[in-house]
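Read the structure below first, then the notes.
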Amino acid sequence: MRMKFAGRELDLSRSHVMGIVNVTPDSFSDGGQYNTTELAVQRARQMVADGATFVDVGGESTRPGAAPVSEQEELDRVSPVVEAIARQLDVVVSVDTSSAAVMREGASLGAGLINDVRALQREGAVEAAVETGLPVCLMHMKGAPGTMQERPEYRHVVRDVAAFLMDRVRVCESAGVPADQILLDPGFGFGKSAEHNFQLLAALEQMRMLGYPLLVGMSRKTMLGQVTGREVSERLPASVAAATISALKGVSVIRVHDVRETVDAVRVVEAMQSAAY
Ligand SMILES: Cn1c(SCC(=O)Nc2ccccc2)nc2c(=O)[nH]c(N)nc21
């Protein structure tokens with residue numbers, strides 16, 4: 001199945017890699033805005049060279065305990081970076097935001113995808129997404145970043161996450177988001193225990209059967225640390241394993257820090273899938 005992202009049409013029946021470009025203050029040495037933008041563009045350039053189809057630009061850290069960021073601060077961080085990457089690189093720029101204003105600004109600066117970890121639940125977000133005409137990724141989060149990891153509980157996590165996502169789909173489609181411009185994401189690590197995360201990973205084909213392409217993000221996350229005992233900087237092998245499983249299960253977009261290694265893993269999966277006789 002194919003989807004158009006700001007003019008770029010992609011075949012979502014294969015797995016694409018999305019590189020992460022954080023523009024939160026703690027993600028760059030304390031340079032000025034120019035350095036930050038320049039560094040972000042260089043990082044994106046390297047990711048494209050390594051095979052990324054998307055780069056995800058986000059100005060709000062969702063780490064537990066992270067300080068909330070004002071809309072203006074988010075705009076100041078994200079806008080110059082989205083503009084510079086969209087202008088200089090042949091890549092789909094995804095804007096990682098829950099803010100209606102940032103969605104609009106990002107779209108006007110060349111973004112090709114809205115990636116909202118709050119599934120357009122903020123005031124005006126659905127309307128803004130409809131007006132941009134861009135594809136939208138709807139992600140599940142239980143609670144809020146500050147408290148979501150304190151004893152998360154579900155009756156049946158796969159069923160509960162699927163029900164939430166399909167409710168958001170209903171709201172978005174009735175507001176005018178075209179059904180063929182929606183991606184769904186179970187939100188690994190957003191209000192889930194390790195057990196919940198791995199139940200969701202095991203059930204990705206079921207999620208796919210909801211009828212929408214999937215986007216997933218497990219790269220270097222705590223769920224991988226919990227099963228390997230590795231620190232964030234030592235989670236590349238586990239991240240590649242998670243990406244490989246995702247590709248095998250038919251995920252369309254895989255959001256990672258380590259593009260080069262993930263692209264290689266996806267190529268191995270695709271070689272096997274196309275060699276079938
Ligand atoms: C913006 N965003 C994020 S940020 C959280 C993160 O990377 N934490 C993290 C990263 C590294 C180590 C520990 C935690 N995760 C997703 C996701 O899973 N799906 C979609 N669609 N968007 C996402």
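Residue numbering restarts at 1 in every chain; chains get A, B, ... in the order shown in the structure tokens, and ligands count up from 1 in that same order.
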
Self-check item: Contacts of Arg2 of chain A within 6 Å, only C-alpha atoms, excl. fewer than 5 positions in-chain, as a PyMOL selection string
Solution: chain A and resi 10-12

Practice problem: Mind the document's chain letters and residue numbers, and return as a ChimeraX atom specification the residues of segment 9-144 of chain A that DSSP labels alpha helix (DSSP H). | Solution: /A:33-49,71-88,100-108,125-132

Practice problem: With only C-alpha atoms and all ligand atoms counted, collect every polymer residue having an atom within 10 Å of ligand 1; state the result as a PyMOL selection string. | Solution: chain A and resi 18+20-22+56-64+94-98+114-119+136-141+145+183-190+214-225+231-233+235+253-257

Given the selection you just returned, output its residues as a file containing C-alpha atoms, formatted as a tab-separated table (two decimals), in the first residue's frame.
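And here is the file that came out, result_2.tsv:
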chain	number	residue	atom	x	y	z
A	18	MET	CA	13.06	6.73	10.53
A	20	ILE	CA	15.69	10.35	15.35
A	21	VAL	CA	16.86	13.98	15.40
A	22	ASN	CA	16.27	15.33	18.90
A	56	ASP	CA	11.79	12.59	13.14
A	57	VAL	CA	12.35	16.08	14.54
A	58	GLY	CA	11.11	16.67	18.10
A	59	GLY	CA	11.54	19.53	20.54
A	60	GLU	CA	9.75	18.12	23.57
A	61	SER	CA	11.48	15.47	25.65
A	62	THR	CA	9.00	12.84	26.89
A	63	ARG	CA	11.51	11.37	29.34
A	64	PRO	CA	9.84	10.75	32.70
A	94	SER	CA	8.38	13.96	10.45
A	95	VAL	CA	7.46	16.52	13.09
A	96	ASP	CA	7.20	14.95	16.53
A	97	THR	CA	4.72	17.21	18.35
A	98	SER	CA	1.38	17.32	20.18
A	114	ILE	CA	2.82	14.50	11.85
A	115	ASN	CA	4.03	12.20	14.62
A	116	ASP	CA	1.98	12.81	17.77
A	117	VAL	CA	2.70	10.70	20.87
A	118	ARG	CA	-0.65	11.97	22.25
A	119	ALA	CA	-2.68	10.86	19.20
A	136	VAL	CA	-0.59	11.36	10.85
A	137	CYS	CA	0.89	8.74	13.17
A	138	LEU	CA	-1.44	8.09	16.14
A	139	MET	CA	0.43	6.63	19.11
A	140	HIS	CA	-0.88	5.09	22.35
A	141	MET	CA	0.28	6.55	25.65
A	145	PRO	CA	5.22	11.25	30.68
A	183	LEU	CA	-0.44	5.20	10.74
A	184	LEU	CA	-0.85	3.50	14.14
A	185	ASP	CA	1.73	2.99	16.89
A	186	PRO	CA	1.39	0.98	20.14
A	187	GLY	CA	3.72	3.42	21.93
A	188	PHE	CA	6.42	1.16	23.37
A	189	GLY	CA	7.51	2.46	26.76
A	190	PHE	CA	4.68	4.96	27.17
A	214	LEU	CA	2.29	0.58	11.71
A	215	LEU	CA	5.11	2.75	13.06
A	216	VAL	CA	7.10	1.50	16.07
A	217	GLY	CA	9.85	2.91	18.28
A	218	MET	CA	11.84	0.65	20.61
A	219	SER	CA	15.34	1.94	19.87
A	220	ARG	CA	17.51	1.95	22.99
A	221	LYS	CA	14.43	2.06	25.22
A	222	THR	CA	14.14	0.85	28.81
A	223	MET	CA	12.25	-2.31	27.76
A	224	LEU	CA	15.45	-3.46	26.07
A	225	GLY	CA	17.56	-2.54	29.09
A	231	GLU	CA	22.80	0.82	29.72
A	232	VAL	CA	21.35	3.08	26.99
A	233	SER	CA	24.72	3.33	25.20
A	235	ARG	CA	21.56	-1.27	23.66
A	253	VAL	CA	8.19	2.55	9.72
A	254	ILE	CA	10.82	1.77	12.36
A	255	ARG	CA	12.00	4.75	14.48
A	256	VAL	CA	15.64	4.41	15.55
A	257	HIS	CA	18.80	6.20	16.69

Quiz prompt | Backbone DSSP call of strand (DSSP E or B) for segment 62-98 of chain A, listed as a list in words | solution =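 Secondary structure check on segment 62-98 of chain A, strand (DSSP E or B): Val92, Val93, Ser94, Val95 and Asp96 of chain A.
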
Quiz item: Nearest to Glu71 of chain A: which of A:Leu113, A:Tyr277, A:Glu105, A:Ser193 is it, counting only C-alpha atoms?
Solution: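 So, comparing all the options, the nearest one is A:Glu105.
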
Near-Ala100 of chain A list (10 Å; only C-alpha atoms; drop same-chain fewer than 3 positions) as an mmCIF file with C-alpha atoms, in the first residue's frame:
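Generated output (out.cif):
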data_model
loop_
_atom_site.group_PDB
_atom_site.id
_atom_site.type_symbol
_atom_site.label_atom_id
_atom_site.label_comp_id
_atom_site.auth_asym_id
_atom_site.auth_seq_id
_atom_site.Cartn_x
_atom_site.Cartn_y
_atom_site.Cartn_z
ATOM 1 C CA GLU A 71 4.665 26.078 22.609
ATOM 2 C CA THR A 97 4.723 17.215 18.352
ATOM 3 C CA MET A 103 1.930 20.954 13.367
ATOM 4 C CA ARG A 104 0.832 23.892 11.222
ATOM 5 C CA GLU A 105 4.259 25.544 11.269
ATOM 6 C CA GLY A 106 6.005 22.249 10.506
ATOM 7 C CA LEU A 120 -4.086 14.372 18.513
ATOM 8 C CA ARG A 122 -4.608 18.191 22.658
ATOM 9 C CA GLU A 123 -6.883 21.166 22.025
ATOM 10 C CA GLY A 124 -7.115 21.936 18.274
ATOM 11 C CA ALA A 125 -4.744 19.136 17.246
ATOM 12 C CA VAL A 126 -7.223 17.152 15.123
ATOM 13 C CA GLU A 127 -8.346 20.302 13.261
ATOM 14 C CA ALA A 128 -4.735 21.351 12.701
ATOM 15 C CA ALA A 129 -3.804 17.914 11.363
#

Quiz item: Which residue, A:Ala247, A:Val48, A:Val259, A:Ala6, has the smallest gap to Ser108 of chain A when you use only C-alpha atoms?
Solution: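 Of the candidates, the smallest distance to Ser108 of chain A is held by A:Ala6.
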
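Excluding Lys4 of chain A itself and any same-chain residue fewer than 4 positions from it, the protein and nucleic acid residues within 12 Å of it, counting only C-alpha atoms, are Arg8, Glu9, Leu10, Asp11, Leu12, Val92, Ala111, Gly112, Leu113, Gly133, Leu134, Pro135, Val136, Pro178, Asp180, Gln181 and Ile182 of chain A.
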
Keeping only N, CA, C and O atoms, write the selected residues as a compact mmCIF listing (two decimals), in the first residue's frame.
# COMPACT_ATOMS: atom_id res chain seq x y z
N ARG A 8 6.17 13.06 -1.58
CA ARG A 8 6.95 11.83 -1.73
C ARG A 8 6.04 10.63 -1.50
O ARG A 8 5.53 10.44 -0.39
N GLU A 9 5.83 9.82 -2.55
CA GLU A 9 4.98 8.64 -2.37
C GLU A 9 5.84 7.46 -1.98
O GLU A 9 6.85 7.18 -2.63
N LEU A 10 5.45 6.75 -0.94
CA LEU A 10 6.23 5.62 -0.43
C LEU A 10 5.39 4.34 -0.43
O LEU A 10 4.19 4.38 -0.18
N ASP A 11 6.07 3.21 -0.63
CA ASP A 11 5.42 1.90 -0.57
C ASP A 11 5.51 1.41 0.87
O ASP A 11 6.59 0.99 1.32
N LEU A 12 4.42 1.47 1.60
CA LEU A 12 4.44 1.09 3.02
C LEU A 12 4.27 -0.41 3.21
O LEU A 12 4.15 -0.87 4.35
N VAL A 92 11.76 12.40 4.07
CA VAL A 92 10.48 12.85 4.63
C VAL A 92 10.75 13.34 6.05
O VAL A 92 11.25 12.60 6.89
N ALA A 111 7.43 19.79 6.31
CA ALA A 111 7.29 18.47 6.95
C ALA A 111 6.32 17.61 6.14
O ALA A 111 5.42 18.12 5.49
N GLY A 112 6.54 16.28 6.19
CA GLY A 112 5.71 15.37 5.41
C GLY A 112 4.89 14.42 6.25
O GLY A 112 4.10 13.63 5.74
N LEU A 113 5.06 14.46 7.59
CA LEU A 113 4.34 13.55 8.49
C LEU A 113 4.20 14.22 9.85
O LEU A 113 5.14 14.87 10.32
N GLY A 133 -3.31 18.55 5.94
CA GLY A 133 -3.43 17.55 4.86
C GLY A 133 -2.35 16.49 4.92
O GLY A 133 -2.23 15.65 4.03
N LEU A 134 -1.56 16.48 5.98
CA LEU A 134 -0.45 15.52 6.08
C LEU A 134 -0.90 14.20 6.68
O LEU A 134 -1.85 14.16 7.46
N PRO A 135 -0.18 13.10 6.36
CA PRO A 135 -0.41 11.85 7.09
C PRO A 135 -0.08 12.05 8.57
O PRO A 135 0.74 12.92 8.91
N VAL A 136 -0.74 11.24 9.40
CA VAL A 136 -0.59 11.36 10.85
C VAL A 136 -0.29 9.99 11.47
O VAL A 136 -0.92 9.01 11.08
N PRO A 178 -8.06 11.62 6.08
CA PRO A 178 -8.32 10.48 5.19
C PRO A 178 -7.80 9.18 5.79
O PRO A 178 -6.70 9.15 6.37
N ASP A 180 -6.53 6.71 4.47
CA ASP A 180 -5.25 6.24 3.88
C ASP A 180 -4.09 7.18 4.21
O ASP A 180 -3.04 7.12 3.57
N GLN A 181 -4.30 8.03 5.23
CA GLN A 181 -3.21 8.89 5.70
C GLN A 181 -2.96 8.72 7.19
O GLN A 181 -2.46 9.62 7.85
N ILE A 182 -3.35 7.54 7.71
CA ILE A 182 -3.19 7.27 9.14
C ILE A 182 -2.23 6.09 9.36
O ILE A 182 -2.36 5.06 8.69

Exercise. Find, counting only C-alpha atoms, the residue in A:Glu73, A:Gly191, A:Arg168, A:Ala163 that gets nearest to Met148 of chain A.
Key: A:Gly191

Self-check item: Best match for closeness to Thr53 of chain A among A:Gln273, A:Gln226, A:Ser79, A:Ser15, counting only C-alpha atoms
Solution: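 Comparing A:Gln273, A:Gln226, A:Ser79, A:Ser15 against Thr53 of chain A, the winner is A:Ser15.
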
Self-check item: Long-range neighbours of Asp258 of chain A as a list of chain:residue names, 8 Å cut-off, only C-alpha atoms, 3 positions minimum in chain
Solution: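 The filter keeps A:Gly19, A:Ser219, A:Leu236, A:Glu261, A:Thr262.
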
Practice problem: Would you mind telling me which residue in A:Ala179, A:Met3, A:Val81, A:Val266 lies nearest to Lys249 of chain A when using only C-alpha atoms? | Solution: A:Val266
